[in-house]
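Visitor: Just so it is clear, I am handing over coords37.txt, which has compact mmCIF, C-alpha atoms and all ligand atoms.
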# COMPACT_ATOMS: atom_id res chain seq x y z
CA MET L 856 0.00 0.00 0.00
CA ASN L 857 1.34 3.41 -0.94
CA ILE L 858 0.09 5.81 1.76
CA PRO L 859 1.68 9.22 1.24
CA ILE L 860 3.54 11.17 3.92
CA THR L 861 1.55 14.31 4.72
CA GLU L 862 2.97 17.62 5.92
CA GLY L 863 1.90 21.25 6.17
CA ASP L 864 0.59 23.95 8.49
CA ASP L 865 -3.13 23.63 7.81
CA PHE L 866 -3.84 23.13 11.51
CA ASN L 867 -7.42 24.40 11.22
CA ASN L 868 -8.24 21.51 8.89
CA PRO L 869 -9.79 18.76 11.06
CA ASP L 870 -8.70 16.03 8.60
CA PHE L 871 -5.09 17.16 8.99
CA TYR L 872 -4.94 17.63 12.76
CA ARG L 873 -7.02 14.54 13.54
CA SER L 874 -4.83 12.35 11.31
CA LEU L 875 -1.72 13.87 12.86
CA TRP L 876 -3.07 13.23 16.39
CA ARG L 877 -3.77 9.59 15.47
CA GLN L 878 -0.05 9.02 14.85
CA THR L 879 0.78 9.76 18.50
CA THR L 880 1.06 6.91 21.01
CA THR L 881 0.03 7.41 24.62
CA THR L 882 -0.83 5.49 27.74
CA VAL L 883 -4.41 5.75 29.01
CA ALA L 884 -5.40 6.87 32.49
CA LEU L 885 -8.71 6.79 34.31
CA LEU L 886 -9.09 10.23 35.81
CA THR L 887 -11.25 10.22 38.93
CA SER L 888 -12.79 13.30 40.52
CA ALA L 889 -15.26 14.21 43.24
CA ALA L 890 -17.01 17.45 44.21
CA GLU L 891 -20.48 18.88 44.64
CA GLY L 892 -21.69 15.50 45.95
CA ARG L 893 -20.77 13.73 42.69
CA GLU L 894 -17.97 11.32 41.73
CA ASN L 895 -16.78 10.73 38.19
CA VAL L 896 -14.33 8.81 36.04
CA MET L 897 -13.10 9.72 32.54
CA ALA L 898 -10.48 8.34 30.15
CA CYS L 899 -7.42 10.55 29.71
CA GLU L 900 -4.66 9.82 27.22
CA TRP L 901 -2.95 13.19 27.76
CA ALA L 902 -1.52 12.44 31.20
CA MET L 903 2.09 11.97 32.21
CA LEU L 904 4.73 12.28 34.91
CA VAL L 905 6.69 15.51 34.37
CA ASN L 906 8.68 16.15 37.57
CA LEU L 907 10.28 13.97 40.25
CA LYS L 908 11.01 16.36 43.16
CA PRO L 909 8.25 17.14 43.91
CA LEU L 910 6.44 14.33 42.11
CA ARG L 911 4.18 16.10 39.60
CA PHE L 912 1.94 14.97 36.75
CA VAL L 913 0.14 16.89 34.02
CA ILE L 914 -3.29 16.14 32.62
CA SER L 915 -4.97 17.90 29.71
CA VAL L 916 -8.75 18.13 30.05
CA ALA L 917 -11.28 19.93 27.85
CA PRO L 918 -13.42 22.45 29.76
CA ARG L 919 -16.58 20.84 28.34
CA GLU L 920 -15.87 17.58 30.22
CA TYR L 921 -17.76 17.22 33.50
CA THR L 922 -14.48 16.09 35.06
CA HIS L 923 -13.05 19.57 34.43
CA GLN L 924 -15.78 21.13 36.56
CA LEU L 925 -15.17 18.64 39.40
CA ILE L 926 -11.39 19.16 39.33
CA GLN L 927 -11.85 22.93 39.36
CA ALA L 928 -14.26 22.70 42.29
CA SER L 929 -12.17 20.26 44.38
CA GLY L 930 -8.59 21.16 43.41
CA GLU L 931 -7.83 17.42 43.26
CA PHE L 932 -7.85 14.46 40.93
CA GLY L 933 -7.04 10.77 40.98
CA LEU L 934 -4.75 9.57 38.22
CA ASN L 935 -5.04 5.85 37.55
CA PHE L 936 -2.84 4.60 34.71
CA CYS L 937 -4.63 1.63 33.13
CA SER L 938 -3.20 -1.84 32.83
CA ASP L 939 -3.62 -3.67 29.53
CA GLN L 940 -6.53 -5.56 31.15
CA GLN L 941 -8.59 -2.37 31.48
CA ALA L 942 -9.33 -1.27 27.92
CA HIS L 943 -13.07 -1.88 28.41
CA LEU L 944 -13.10 0.44 31.44
CA ALA L 945 -11.19 3.12 29.54
CA HIS L 946 -13.57 2.84 26.64
CA ILE L 947 -16.67 3.31 28.79
CA ALA L 948 -15.09 6.13 30.80
CA GLY L 949 -14.12 7.85 27.55
CA SER L 950 -17.33 7.29 25.59
CA TYR L 951 -19.91 8.54 28.10
CA SER L 952 -20.18 11.73 30.11
CA LEU L 953 -21.54 12.52 33.53
CA HIS L 954 -23.43 15.26 31.69
CA ASP L 955 -25.67 12.38 30.48
CA VAL L 956 -25.15 9.25 32.61
CA ASN L 957 -23.65 7.92 35.82
CA LYS L 958 -20.70 5.89 34.44
CA TRP L 959 -20.26 3.93 37.67
CA GLU L 960 -23.49 2.10 36.72
CA LEU L 961 -22.30 1.25 33.19
CA ALA L 962 -19.39 -0.99 34.23
CA ASP L 963 -17.92 -2.61 37.29
CA PHE L 964 -15.14 -0.09 37.96
CA PRO L 965 -13.16 -1.66 40.83
CA THR L 966 -12.53 1.20 43.27
CA HIS L 967 -10.85 1.69 46.60
CA PRO L 968 -10.98 4.78 48.83
CA ALA L 969 -8.14 7.23 48.37
CA GLN L 970 -5.75 8.01 51.23
CA ARG L 971 -5.51 11.77 50.65
CA ILE L 972 -8.23 12.91 48.25
CA ARG L 973 -11.99 12.57 48.09
CA ALA L 974 -12.22 10.90 44.67
CA PRO L 975 -12.16 7.09 44.63
CA MET L 976 -9.16 5.36 43.08
CA ILE L 977 -9.25 2.48 40.55
CA GLN L 978 -7.87 -0.95 41.39
CA GLY L 979 -5.86 -3.11 38.98
CA CYS L 980 -3.91 -0.19 37.51
CA ILE L 981 -0.17 -0.06 36.88
CA LEU L 982 0.16 3.26 38.74
CA ASN L 983 -2.18 5.34 40.90
CA ALA L 984 -1.45 8.88 42.04
CA GLU L 985 -3.64 11.02 44.26
CA CYS L 986 -2.96 14.58 43.15
CA ARG L 987 -3.55 18.13 44.37
CA VAL L 988 -3.78 20.76 41.63
CA VAL L 989 -0.88 23.23 41.86
CA ALA L 990 -1.30 25.04 38.52
CA ARG L 991 -3.65 25.32 35.56
CA TYR L 992 -2.81 26.57 32.08
CA GLU L 993 -5.33 27.34 29.35
CA LEU L 994 -3.96 25.85 26.13
CA GLY L 995 -6.88 26.38 23.70
CA ASP L 996 -9.57 23.73 23.63
CA HIS L 997 -7.95 21.97 26.63
CA ASP L 998 -6.66 23.08 30.03
CA LEU L 999 -3.46 21.64 31.44
CA PHE L 1000 -3.63 20.84 35.16
CA VAL L 1001 -0.40 20.24 37.04
CA GLY L 1002 -1.01 17.85 39.93
CA GLU L 1003 1.34 17.14 42.81
CA ALA L 1004 1.17 13.60 44.13
CA LEU L 1005 0.08 13.31 47.76
CA TRP L 1006 0.01 9.52 47.68
CA ALA L 1007 1.02 7.01 45.03
CA ARG L 1008 1.16 3.28 44.50
CA TYR L 1009 2.32 1.04 41.69
CA ASP L 1010 2.02 -2.60 40.75
CA PRO L 1011 5.05 -3.91 38.82
CA LYS L 1012 3.08 -7.01 37.81
CA GLN L 1013 0.85 -4.91 35.53
CA ARG L 1014 1.67 -3.76 32.01
CA PRO L 1015 0.43 -0.47 30.53
CA LEU L 1016 -2.50 0.06 28.19
CA LEU L 1017 -1.48 2.00 25.06
CA TYR L 1018 -3.60 4.11 22.67
CA HIS L 1019 -2.67 4.62 19.02
CA ARG L 1020 -4.72 5.41 15.90
CA GLY L 1021 -7.92 5.30 17.95
CA LYS L 1022 -7.27 1.74 19.18
CA TYR L 1023 -6.03 0.13 22.37
CA TRP L 1024 -2.74 -1.78 22.31
CA LYS L 1025 -0.45 -3.80 24.53
CA LEU L 1026 3.26 -3.15 24.93
CA GLY L 1027 5.24 -5.04 22.30
CA GLU L 1028 8.72 -6.49 22.30
CA GLY L 1029 11.51 -4.63 24.05
CA ILE L 1030 14.42 -3.33 21.96
CA PRO L 1031 17.86 -4.05 23.45
CA LYS L 1032 19.87 -0.91 24.18
CA PRO L 1033 22.87 -0.60 21.90
CA GLN L 1034 26.38 -0.75 23.39
CA VAL L 1035 27.76 2.79 23.75
C1 LIG L 1101 -8.90 6.59 25.11
C2 LIG L 1101 -9.46 7.94 25.37
C3 LIG L 1101 -8.65 8.96 25.81
C4 LIG L 1101 -9.15 10.23 26.08
N1 LIG L 1101 -8.31 11.21 26.50
C5 LIG L 1101 -8.79 12.45 26.80
C6 LIG L 1101 -7.91 13.48 27.26
O1 LIG L 1101 -6.70 13.28 27.40
N2 LIG L 1101 -8.44 14.70 27.55
C7 LIG L 1101 -9.78 14.97 27.41
O2 LIG L 1101 -10.21 16.10 27.70
N3 LIG L 1101 -10.65 14.01 26.95
C8 LIG L 1101 -10.18 12.77 26.67
N4 LIG L 1101 -11.02 11.78 26.24
C9 LIG L 1101 -12.45 12.06 26.14
C10 LIG L 1101 -13.19 11.99 27.50
O3 LIG L 1101 -12.80 10.83 28.23
C11 LIG L 1101 -14.71 11.90 27.21
O4 LIG L 1101 -15.12 13.08 26.53
C12 LIG L 1101 -15.55 11.67 28.44
O5 LIG L 1101 -16.87 11.42 28.02
C13 LIG L 1101 -15.56 12.84 29.42
O6 LIG L 1101 -16.34 12.45 30.52
P1 LIG L 1101 -16.98 13.46 31.59
O7 LIG L 1101 -17.76 14.52 30.82
O8 LIG L 1101 -17.87 12.58 32.41
O9 LIG L 1101 -15.85 14.07 32.37
C14 LIG L 1101 -10.54 10.50 25.93
C15 LIG L 1101 -11.38 9.47 25.48
C16 LIG L 1101 -10.86 8.20 25.20
C17 LIG L 1101 -11.77 7.11 24.72
Output the file's structure in the form of structure tokens.
Ligand SMILES: Cc1cc2nc3c(=O)[nH]c(=O)nc-3n(C[C@H](O)[C@H](O)[C@H](O)COP(=O)(O)O)c2cc1C

Guide:
Amino acid sequence: MNIPITEGDDFNNPDFYRSLWRQTTTTVALLTSAAEGRENVMACEWAMLVNLKPLRFVISVAPREYTHQLIQASGEFGLNFCSDQQAHLAHIAGSYSLHDVNKWELADFPTHPAQRIRAPMIQGCILNAECRVVARYELGDHDLFVGEALWARYDPKQRPLLYHRGKYWKLGEGIPKPQV
């Protein structure tokens, strides 16, 4: 198949920016939040560790998401990086909104109470971090929240869930590091 390489600066063209976005590869997190008497969970591919001392993560969340409202109101979020056994949970959390439904009733999200924040945390993940918001930056159609970890846990037995070209993937073969 001869699929052409595409390049340009036509960033207002949805075909261009959506295709470009599909070439990126990310992990997937379940972002949990609680405020105003409501708890929620959403899928978040734009989440990563960005600082070690102090331990800080960033998440990028569109203001239209209900989760955004809950994070703004509480100043906290739970970051639960999915294992490769949790694609179905990510898909439900990312396909429905608390604007319309209570997602906790759509699937059996295995939760445990957090140690330091109000939002529940998700079991079976590779990494969980309970975060307090320390900064927010408006990027355009998304806001970047910087969260400082107040409590974290990890399970080395789990392997990460990946997201690429709109599909879920498992980690493939490792590549040996070259001798330098
Ligand atoms: C795999 C996957 C990853 C996603 N990543 C993000 C993301 O990084 N940021 C974001 O704002 N929305 C992301 N979404 C979309 C939200 O999860 C989705 O709009 C969800 O319905 C929002 O739920 P809420 O309104 O209950 O907060 C993603 C969806 C999927 C399926």

Visitor: Check the smallest atom-to-atom distance from each of L:Thr887, L:Arg1020, L:Gly949, L:Trp901 to L:Pro968 using only C-alpha atoms, then report the winner.

Guide: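 Using only C-alpha atoms, the shortest distance to L:Pro968 belongs to L:Thr887.
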
Visitor: Could you give me, as JSON, numbers by chain, every polymer residue with an atom at most 10 Å away from an atom of ligand LIG 1101 (chain L), counting all atoms listed in the file?

Guide: {"L": [881, 882, 883, 884, 885, 886, 887, 888, 894, 895, 896, 897, 898, 899, 900, 901, 902, 914, 915, 916, 917, 918, 919, 920, 921, 922, 923, 924, 925, 926, 942, 943, 944, 945, 946, 947, 948, 949, 950, 951, 952, 953, 954, 955, 956, 957, 958, 996, 997, 998, 999, 1016, 1017, 1018, 1019, 1021, 1022, 1023]}

Visitor: Could you tell me how far atom CA of L:Ser929 sits from atom CA of L:Arg973, in Å to one decimal place?

Guide: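 Going from atom CA of L:Arg973 over to atom CA of L:Ser929 covers 8.5 Å.
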
Visitor: So what do you get for atom CA of L:Leu1026 versus atom CA of L:Gln941, distance-wise?

Guide: 13.6 Å

Visitor: Restricting the calculation to all atoms listed in the file: of L:Ala889, L:Leu910, L:Gly995, L:Leu982, which residue gets closest to L:Pro1011?

Guide: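 Among the listed residues, L:Leu982 lies closest to L:Pro1011.
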
Visitor: Between L:Gly863, L:Gly933, L:Gly892, L:Pro1031, which residue has the minimum interatomic distance to L:Trp1006, considering all atoms listed in the file?

Guide: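 Ranking L:Gly863, L:Gly933, L:Gly892, L:Pro1031 by distance to L:Trp1006, first place goes to L:Gly933.
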
Visitor: Which distance in Å separates atom CA of L:Cys980 and atom CA of L:Asn935, to one decimal?

Guide: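 Spanning atom CA of L:Cys980 to atom CA of L:Asn935 is a straight-line distance of 6.1 Å.
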
Visitor: In terms of the shortest atom-to-atom distance over all atoms listed in the file, which of L:Glu1003, L:Asp865, L:Asp939, L:Asp870 is closest to L:Met903?

Guide: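 Under the stated criterion, the closest residue is L:Glu1003.
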
Visitor: Nearest residue to L:Ala890 out of L:Met856, L:Leu961, L:Ile972, L:Ile977, using only C-alpha atoms?

Guide: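 Selected residue with least distance to L:Ala890: L:Ile972.
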
Visitor: Just the residues within 10 Å of L:Phe912, please, counting all atoms listed in the file, with nothing from its chain fewer than 4 positions along; format it as a list in words.

Guide: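 The filter keeps Ala902, Met903, Leu904, Val905, Asn906, Leu907, Leu934, Ala984, Cys986, Arg987, Val988, Phe1000, Val1001, Gly1002, Glu1003 and Ala1004 of chain L.
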
Visitor: Would you pick out the contacts of L:Lys1012 at 10 Å or less, using only C-alpha atoms, so that residues sharing its chain but fewer than 3 positions from it are not included, and give the list as number ranges by chain?

Guide: L: 938, 979-981, 1009

Visitor: Limited to C-alpha atoms, could you put the picked residues into a file as an mmCIF file, in the frame of the given file?

Guide:
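Dumped to again-v8.cif:
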data_model
loop_
_atom_site.group_PDB
_atom_site.id
_atom_site.type_symbol
_atom_site.label_atom_id
_atom_site.label_comp_id
_atom_site.auth_asym_id
_atom_site.auth_seq_id
_atom_site.Cartn_x
_atom_site.Cartn_y
_atom_site.Cartn_z
ATOM 1 C CA SER L 938 -3.200 -1.840 32.830
ATOM 2 C CA GLY L 979 -5.860 -3.110 38.980
ATOM 3 C CA CYS L 980 -3.910 -0.190 37.510
ATOM 4 C CA ILE L 981 -0.170 -0.060 36.880
ATOM 5 C CA TYR L 1009 2.320 1.040 41.690
#

Visitor: When you get a chance, write out N, CA, C and O atoms for stretch 984-1009 of chain L, as a tab-separated table (two decimals), in the coordinates of the input.

Guide:
chain	number	residue	atom	x	y	z
L	984	ALA	N	-1.98	7.71	41.33
L	984	ALA	CA	-1.45	8.88	42.04
L	984	ALA	C	-2.62	9.78	42.45
L	984	ALA	O	-3.46	10.13	41.63
L	985	GLU	N	-2.63	10.09	43.74
L	985	GLU	CA	-3.64	11.02	44.26
L	985	GLU	C	-3.02	12.41	44.21
L	985	GLU	O	-1.98	12.63	44.84
L	986	CYS	N	-3.62	13.31	43.45
L	986	CYS	CA	-2.96	14.58	43.15
L	986	CYS	C	-3.76	15.80	43.62
L	986	CYS	O	-4.98	15.82	43.54
L	987	ARG	N	-3.00	16.81	44.04
L	987	ARG	CA	-3.55	18.13	44.37
L	987	ARG	C	-3.13	19.08	43.25
L	987	ARG	O	-1.97	19.09	42.85
L	988	VAL	N	-4.08	19.85	42.75
L	988	VAL	CA	-3.78	20.76	41.63
L	988	VAL	C	-2.91	21.92	42.14
L	988	VAL	O	-3.26	22.58	43.11
L	989	VAL	N	-1.76	22.12	41.47
L	989	VAL	CA	-0.88	23.23	41.86
L	989	VAL	C	-0.80	24.31	40.78
L	989	VAL	O	-0.30	25.41	41.03
L	990	ALA	N	-1.30	24.02	39.58
L	990	ALA	CA	-1.30	25.04	38.52
L	990	ALA	C	-2.28	24.61	37.42
L	990	ALA	O	-2.55	23.41	37.26
L	991	ARG	N	-2.79	25.60	36.71
L	991	ARG	CA	-3.65	25.32	35.56
L	991	ARG	C	-3.26	26.29	34.44
L	991	ARG	O	-3.06	27.48	34.69
L	992	TYR	N	-3.15	25.75	33.25
L	992	TYR	CA	-2.81	26.57	32.08
L	992	TYR	C	-3.85	26.35	31.00
L	992	TYR	O	-4.17	25.20	30.67
L	993	GLU	N	-4.37	27.45	30.44
L	993	GLU	CA	-5.33	27.34	29.35
L	993	GLU	C	-4.54	27.21	28.05
L	993	GLU	O	-3.74	28.08	27.71
L	994	LEU	N	-4.75	26.11	27.34
L	994	LEU	CA	-3.96	25.85	26.13
L	994	LEU	C	-4.73	26.22	24.85
L	994	LEU	O	-4.12	26.46	23.82
L	995	GLY	N	-6.04	26.20	24.90
L	995	GLY	CA	-6.88	26.38	23.70
L	995	GLY	C	-8.18	25.65	23.96
L	995	GLY	O	-8.99	26.09	24.77
L	996	ASP	N	-8.35	24.49	23.33
L	996	ASP	CA	-9.57	23.73	23.63
L	996	ASP	C	-9.38	22.76	24.81
L	996	ASP	O	-10.31	22.04	25.17
L	997	HIS	N	-8.20	22.76	25.42
L	997	HIS	CA	-7.95	21.97	26.63
L	997	HIS	C	-7.25	22.84	27.68
L	997	HIS	O	-6.57	23.80	27.32
L	998	ASP	N	-7.42	22.46	28.95
L	998	ASP	CA	-6.66	23.08	30.03
L	998	ASP	C	-5.68	22.04	30.57
L	998	ASP	O	-6.03	20.86	30.73
L	999	LEU	N	-4.48	22.52	30.86
L	999	LEU	CA	-3.46	21.64	31.44
L	999	LEU	C	-3.47	21.85	32.96
L	999	LEU	O	-3.30	22.96	33.43
L	1000	PHE	N	-3.72	20.78	33.69
L	1000	PHE	CA	-3.63	20.84	35.16
L	1000	PHE	C	-2.32	20.17	35.58
L	1000	PHE	O	-2.02	19.06	35.13
L	1001	VAL	N	-1.58	20.86	36.44
L	1001	VAL	CA	-0.40	20.24	37.04
L	1001	VAL	C	-0.82	19.74	38.42
L	1001	VAL	O	-1.37	20.51	39.23
L	1002	GLY	N	-0.60	18.45	38.65
L	1002	GLY	CA	-1.01	17.85	39.93
L	1002	GLY	C	0.19	17.33	40.68
L	1002	GLY	O	1.06	16.66	40.11
L	1003	GLU	N	0.26	17.66	41.97
L	1003	GLU	CA	1.34	17.14	42.81
L	1003	GLU	C	0.84	15.91	43.56
L	1003	GLU	O	-0.24	15.96	44.17
L	1004	ALA	N	1.60	14.85	43.50
L	1004	ALA	CA	1.17	13.60	44.13
L	1004	ALA	C	1.24	13.71	45.65
L	1004	ALA	O	2.26	14.14	46.21
L	1005	LEU	N	0.14	13.35	46.30
L	1005	LEU	CA	0.08	13.31	47.76
L	1005	LEU	C	0.24	11.88	48.26
L	1005	LEU	O	0.59	11.64	49.41
L	1006	TRP	N	-0.06	10.95	47.35
L	1006	TRP	CA	0.01	9.52	47.68
L	1006	TRP	C	0.11	8.79	46.36
L	1006	TRP	O	-0.52	9.20	45.38
L	1007	ALA	N	0.90	7.75	46.30
L	1007	ALA	CA	1.02	7.01	45.03
L	1007	ALA	C	1.27	5.54	45.32
L	1007	ALA	O	1.78	5.18	46.38
L	1008	ARG	N	0.87	4.71	44.39
L	1008	ARG	CA	1.16	3.28	44.50
L	1008	ARG	C	1.37	2.71	43.11
L	1008	ARG	O	0.84	3.26	42.13
L	1009	TYR	N	2.13	1.65	43.00
L	1009	TYR	CA	2.32	1.04	41.69
L	1009	TYR	C	2.38	-0.46	41.84
L	1009	TYR	O	2.69	-0.99	42.91
